[in-house]
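Novice: This one is protein-v7.txt, compact mmCIF, C-alpha atoms.
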```txt
# COMPACT_ATOMS: atom_id res chain seq x y z
CA MET A 1 0.00 0.00 0.00
CA ALA A 2 1.20 3.47 -0.82
CA LYS A 3 2.20 5.88 1.90
CA GLN A 4 -0.80 7.26 3.64
CA ARG A 5 -1.46 10.83 2.68
CA THR A 6 -2.45 13.53 5.06
CA ILE A 7 -5.03 16.14 4.29
CA ALA A 8 -5.88 19.00 6.60
CA LEU A 9 -9.19 20.80 6.89
CA ALA A 10 -8.67 24.50 7.47
CA GLY A 11 -10.92 27.53 7.28
CA ASN A 12 -12.51 30.41 9.12
CA PRO A 13 -14.43 29.60 12.30
CA ASN A 14 -17.98 28.30 11.85
CA THR A 15 -17.74 27.36 8.20
CA GLY A 16 -18.44 23.64 8.58
CA LYS A 17 -15.00 22.06 8.78
CA SER A 18 -16.11 19.55 11.37
CA THR A 19 -19.26 18.71 9.44
CA ILE A 20 -17.09 17.92 6.42
CA PHE A 21 -14.68 16.01 8.65
CA ASN A 22 -17.50 13.83 9.93
CA ALA A 23 -18.84 13.28 6.43
CA LEU A 24 -15.41 12.25 5.14
CA THR A 25 -14.39 10.02 8.01
CA GLY A 26 -17.70 8.84 9.37
CA GLY A 27 -16.60 10.30 12.68
CA ARG A 28 -18.82 11.83 15.28
CA GLN A 29 -16.94 14.97 16.04
CA HIS A 30 -19.05 17.42 17.99
CA VAL A 31 -20.53 20.05 15.75
CA GLY A 32 -22.12 23.27 16.89
CA ASN A 33 -23.34 26.36 15.14
CA TRP A 34 -21.07 28.81 16.80
CA PRO A 35 -17.56 29.98 16.08
CA GLY A 36 -14.77 28.34 18.03
CA LYS A 37 -16.36 24.94 18.55
CA THR A 38 -13.25 23.00 17.63
CA VAL A 39 -10.30 23.96 19.81
CA GLU A 40 -7.85 21.17 19.10
CA LYS A 41 -7.01 19.15 16.06
CA LYS A 42 -8.82 15.87 15.51
CA GLU A 43 -7.77 13.08 13.23
CA GLY A 44 -9.58 10.38 11.30
CA THR A 45 -9.27 8.35 8.14
CA CYS A 46 -11.21 8.50 4.92
CA LYS A 47 -11.41 5.81 2.28
CA TYR A 48 -12.42 6.47 -1.27
CA ASN A 49 -11.97 4.23 -4.29
CA GLY A 50 -9.22 2.26 -2.64
CA SER A 51 -7.21 5.27 -1.47
CA GLU A 52 -6.92 5.98 2.19
CA PHE A 53 -6.28 9.36 3.73
CA GLN A 54 -5.48 10.66 7.11
CA VAL A 55 -7.82 13.59 7.67
CA VAL A 56 -6.99 16.27 10.22
CA ASP A 57 -9.66 18.69 11.40
CA LEU A 58 -8.10 21.99 12.51
CA PRO A 59 -9.59 24.73 14.65
CA GLY A 60 -10.96 27.70 12.71
CA THR A 61 -8.65 30.60 12.04
CA TYR A 62 -9.12 33.97 10.40
CA SER A 63 -5.57 34.27 9.21
CA LEU A 64 -2.16 32.67 9.44
CA THR A 65 -0.91 35.50 11.62
CA ALA A 66 -2.23 33.55 14.53
CA TYR A 67 -3.83 35.44 17.36
CA SER A 68 -5.27 32.89 19.76
CA LEU A 69 -4.03 29.47 20.84
CA GLU A 70 -6.43 27.62 18.52
CA GLU A 71 -5.20 29.70 15.62
CA VAL A 72 -1.59 28.86 16.52
CA ILE A 73 -2.48 25.14 16.43
CA ALA A 74 -4.03 25.50 12.99
CA ARG A 75 -1.18 27.58 11.61
CA ASP A 76 1.63 25.42 12.95
CA PHE A 77 0.06 22.34 11.47
CA VAL A 78 -0.23 23.84 8.00
CA ILE A 79 3.27 25.32 8.13
CA ASP A 80 5.30 22.72 10.03
CA GLU A 81 3.61 19.41 9.28
CA ARG A 82 3.20 20.18 5.61
CA PRO A 83 0.11 18.08 4.85
CA ASP A 84 -0.14 16.68 1.32
CA LEU A 85 -3.23 18.75 0.77
CA VAL A 86 -5.10 21.49 2.58
CA VAL A 87 -8.84 21.52 2.06
CA VAL A 88 -9.89 25.07 2.84
CA VAL A 89 -13.52 25.16 3.85
CA VAL A 90 -15.12 28.51 3.12
CA ASP A 91 -18.52 29.97 3.89
CA SER A 92 -19.96 30.76 0.46
CA ALA A 93 -22.20 33.44 1.92
CA ASN A 94 -19.11 35.23 3.20
CA LEU A 95 -16.61 34.78 0.43
CA GLU A 96 -14.82 38.07 0.79
CA ARG A 97 -13.57 37.43 4.32
CA ASN A 98 -12.98 33.71 3.77
CA LEU A 99 -10.88 34.14 0.66
CA TYR A 100 -8.35 36.12 2.66
CA LEU A 101 -7.26 32.93 4.42
CA VAL A 102 -7.47 30.88 1.23
CA VAL A 103 -5.05 33.23 -0.50
CA GLN A 104 -2.66 33.15 2.46
CA ILE A 105 -2.56 29.35 2.35
CA VAL A 106 -2.17 29.27 -1.43
CA GLU A 107 0.67 31.78 -1.19
CA MET A 108 2.48 29.53 1.28
CA GLY A 109 2.77 27.03 -1.52
CA ALA A 110 0.47 24.41 -0.02
CA ARG A 111 -1.59 22.30 -2.35
CA VAL A 112 -5.15 23.46 -1.90
CA VAL A 113 -8.68 22.34 -2.67
CA VAL A 114 -11.40 24.83 -1.81
CA ALA A 115 -14.75 23.57 -0.52
CA LEU A 116 -17.37 26.25 -1.08
CA ASN A 117 -19.49 25.12 1.81
CA MET A 118 -22.99 26.29 2.66
CA SER A 119 -23.53 27.01 -1.00
CA ASP A 120 -27.28 26.54 -0.46
CA ILE A 121 -27.28 29.54 1.86
CA ALA A 122 -25.36 31.61 -0.66
CA ASP A 123 -27.93 30.58 -3.27
CA SER A 124 -30.82 31.58 -1.07
CA ARG A 125 -29.18 34.96 -0.47
CA GLY A 126 -29.02 35.40 -4.22
CA PHE A 127 -25.23 35.09 -4.62
CA ARG A 128 -24.12 33.58 -7.91
CA ILE A 129 -20.55 32.36 -7.69
CA ASP A 130 -18.58 31.81 -10.87
CA VAL A 131 -16.86 28.60 -9.77
CA PRO A 132 -14.63 28.05 -12.83
CA LEU A 133 -13.39 31.65 -12.69
CA LEU A 134 -12.69 31.42 -8.96
CA SER A 135 -10.85 28.16 -9.48
CA GLN A 136 -8.78 29.69 -12.24
CA GLY A 137 -7.96 32.76 -10.16
CA LEU A 138 -6.84 30.74 -7.17
CA GLY A 139 -5.12 28.04 -9.17
CA ALA A 140 -6.93 25.42 -7.12
CA PRO A 141 -9.98 23.23 -7.61
CA VAL A 142 -13.15 24.73 -6.15
CA ILE A 143 -16.00 22.41 -5.16
CA PRO A 144 -19.42 23.70 -4.05
CA THR A 145 -20.72 21.66 -1.12
CA VAL A 146 -23.56 21.58 1.36
CA ALA A 147 -21.95 19.38 3.98
CA SER A 148 -24.94 19.37 6.31
CA LYS A 149 -27.03 17.77 3.55
CA GLY A 150 -24.25 15.65 2.11
CA GLN A 151 -24.17 17.47 -1.21
CA GLY A 152 -20.95 17.75 -3.16
CA LEU A 153 -19.03 15.36 -0.92
CA ASP A 154 -18.36 12.80 -3.62
CA GLU A 155 -17.06 15.54 -5.88
CA LEU A 156 -14.91 16.77 -3.00
CA LYS A 157 -13.44 13.31 -2.40
CA LYS A 158 -12.73 12.98 -6.09
CA ALA A 159 -10.98 16.33 -6.15
CA ILE A 160 -8.93 15.31 -3.10
CA VAL A 161 -7.82 12.11 -4.78
CA GLU A 162 -6.93 13.92 -7.99
CA ALA A 163 -5.08 16.72 -6.22
CA THR A 164 -2.95 14.37 -4.16
CA GLY A 165 -2.27 12.33 -7.26
CA SER A 166 -3.01 8.96 -5.72
CA MET B 3 -18.56 59.67 16.24
CA MET B 4 -18.53 57.25 19.16
CA PRO B 5 -16.83 54.04 20.24
CA LEU B 6 -18.34 50.81 18.98
CA ALA B 7 -18.55 49.69 22.60
CA MET B 8 -21.27 52.31 23.20
CA VAL B 9 -23.57 51.16 20.43
CA SER B 10 -26.81 49.53 21.59
CA PRO B 11 -27.84 46.13 20.28
CA GLY B 12 -29.87 46.40 17.10
CA GLU B 13 -28.20 49.58 15.89
CA GLU B 14 -26.37 49.73 12.62
CA VAL B 15 -23.17 51.74 12.36
CA ARG B 16 -20.34 52.49 9.97
CA LEU B 17 -16.70 52.07 10.97
CA VAL B 18 -14.91 55.40 10.58
CA CYS B 19 -11.71 55.25 12.62
CA ILE B 20 -9.51 52.66 14.28
CA ARG B 21 -7.50 54.00 17.18
CA GLY B 22 -5.18 51.10 17.57
CA GLY B 23 -1.70 49.99 16.66
CA ARG B 24 -0.49 47.91 13.79
CA ARG B 25 -1.31 44.64 15.53
CA MET B 26 -4.88 45.59 16.18
CA ARG B 27 -5.40 46.87 12.65
CA LYS B 28 -4.03 43.61 11.32
CA ARG B 29 -6.34 41.62 13.56
CA LEU B 30 -9.35 43.61 12.40
CA ALA B 31 -8.33 43.11 8.78
CA ASP B 32 -8.05 39.36 9.46
CA LEU B 33 -11.56 39.41 10.83
CA GLY B 34 -12.72 41.25 7.73
CA LEU B 35 -13.47 44.52 9.51
CA ASN B 36 -12.38 47.52 7.49
CA LEU B 37 -13.07 51.22 7.52
CA GLY B 38 -16.22 52.27 5.75
CA MET B 39 -18.11 49.06 6.27
CA THR B 40 -21.41 48.71 8.04
CA VAL B 41 -21.97 46.45 11.00
CA ARG B 42 -24.87 45.82 13.33
CA VAL B 43 -24.46 45.13 17.03
CA LEU B 44 -26.33 41.97 17.95
CA GLN B 45 -25.41 41.62 21.57
CA ARG B 46 -23.72 43.70 24.24
CA GLU B 47 -24.05 42.31 27.69
CA GLY B 48 -22.21 43.12 30.89
CA ARG B 49 -18.52 43.55 30.27
CA GLY B 50 -18.04 40.75 27.79
CA PRO B 51 -17.36 40.93 24.09
CA LEU B 52 -19.78 42.41 21.58
CA ILE B 53 -21.35 40.22 18.97
CA LEU B 54 -21.59 41.87 15.59
CA ALA B 55 -23.41 41.01 12.42
CA VAL B 56 -21.10 41.58 9.48
CA LYS B 57 -22.30 40.61 6.03
CA ASP B 58 -24.38 37.61 7.04
CA SER B 59 -22.06 36.27 9.68
CA ARG B 60 -21.47 36.82 13.34
CA LEU B 61 -18.24 38.07 14.79
CA ALA B 62 -17.21 38.59 18.39
CA VAL B 63 -15.07 41.61 19.24
CA GLY B 64 -13.57 42.17 22.69
CA ARG B 65 -14.75 45.12 24.71
CA GLY B 66 -11.29 46.67 24.77
CA MET B 67 -11.05 46.57 21.01
CA ALA B 68 -14.58 47.84 20.64
CA HIS B 69 -13.59 50.95 22.60
CA LYS B 70 -10.88 51.72 20.07
CA ILE B 71 -13.12 51.40 17.04
CA LEU B 72 -14.96 54.63 16.31
CA VAL B 73 -18.23 54.49 14.46
CA GLN B 74 -20.96 56.69 13.07
CA PRO B 75 -24.65 55.90 12.99
CA CYS B 76 -25.98 55.25 9.52
```
With the file now loaded, output its structure as structure tokens.
Specialist:
Amino acid sequence: MAKQRTIALAGNPNTGKSTIFNALTGGRQHVGNWPGKTVEKKEGTCKYNGSEFQVVDLPGTYSLTAYSLEEVIARDFVIDERPDLVVVVVDSANLERNLYLVVQIVEMGARVVVALNMSDIADSRGFRIDVPLLSQGLGAPVIPTVASKGQGLDELKKAIVEATGS
Amino acid sequence: MMPLAMVSPGEEVRLVCIRGGRRMRKRLADLGLNLGMTVRVLQREGRGPLILAVKDSRLAVGRGMAHKILVQPC
């Protein structure tokens, strides 16, 4: 079996990282609708089409210039442990603020897949996001998801497999 | 002009001045709070942080910081 790859879930607080983590790993990480729910990193494994991944759920952070202890945990993991892939979970209804972190992670040279989570809420607010253009601008695959309803997760897994080249 | 910390819950205000150092400005930029934008105070209880509504999401800002952010009603 090939070396197990590590993917990290990063993103602003309260964007659904843990919901995606649970959906990928079948875990039962506690999920709550308030910022700052996850304060330490949690790990699990995800299997898809014969590939196996180690998935790490990081606490939410607004930027890589870490401010609080949870943010330091998230930053140090992305910078020091160098995961094979960082899945940045963003709140589609709040793209402007969320993309700030995405760009910081992309600029660090990490391999990135963006999960446009809560895309149903963005839809209901009337936002139309040009996914191909966003993907082109960031130089990373962008996958719309609604993790709470399980939408887009297969596409996300596929993108993870393709991006890590396994 | 008044400090954000003085704004009552429910009121909507525009950020006009940040009286803080480089670190604080950076932190506010990280949070997506910039001059000229409009925020609504959702909660201000006791001495704890304020909860703001900024573009469809909630954000908590410490009382100390909220005293250094000057706003105008809009």
Novice: List every protein, DNA or RNA residue that has an atom no more than 10 Å from (-16.9, 18.2, 10.5) in the file's coordinate frame, counting all atoms listed in the file, and report them as a PyMOL selection string.
Specialist: chain A and resi 9+15-32+38+42+57-58+147-148
Novice: If we count only C-alpha atoms, what is near range 72-75 of chain B at a cut-off of 6 Å, once residues fewer than 6 positions away on the same chain are taken out, given as an MDAnalysis selection string?
Specialist: chainID B and resid 3:6 15:19
Novice: Please provide as a PyMOL selection string all residues within 9 Å of range 89-100 of chain A, with the sequence filter that same-chain residues fewer than 2 positions apart are discarded (counting all atoms listed in the file).
Specialist: (chain A and resi 9-12+14-17+20+62-63+87+102-105+113-123+125+127+129+144) or (chain B and resi 31-35+57-59)
Novice: CA of Arg25 in chain B and CA of Arg60 in chain B are how many Å apart?
Specialist: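 Those two atoms sit 21.7 Å apart.
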Novice: So what do you get for CA of Arg111 in chain A versus CA of Ala163 in chain A, distance-wise?
Specialist: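 CA of Ala163 in chain A lies 7.6 Å from CA of Arg111 in chain A.
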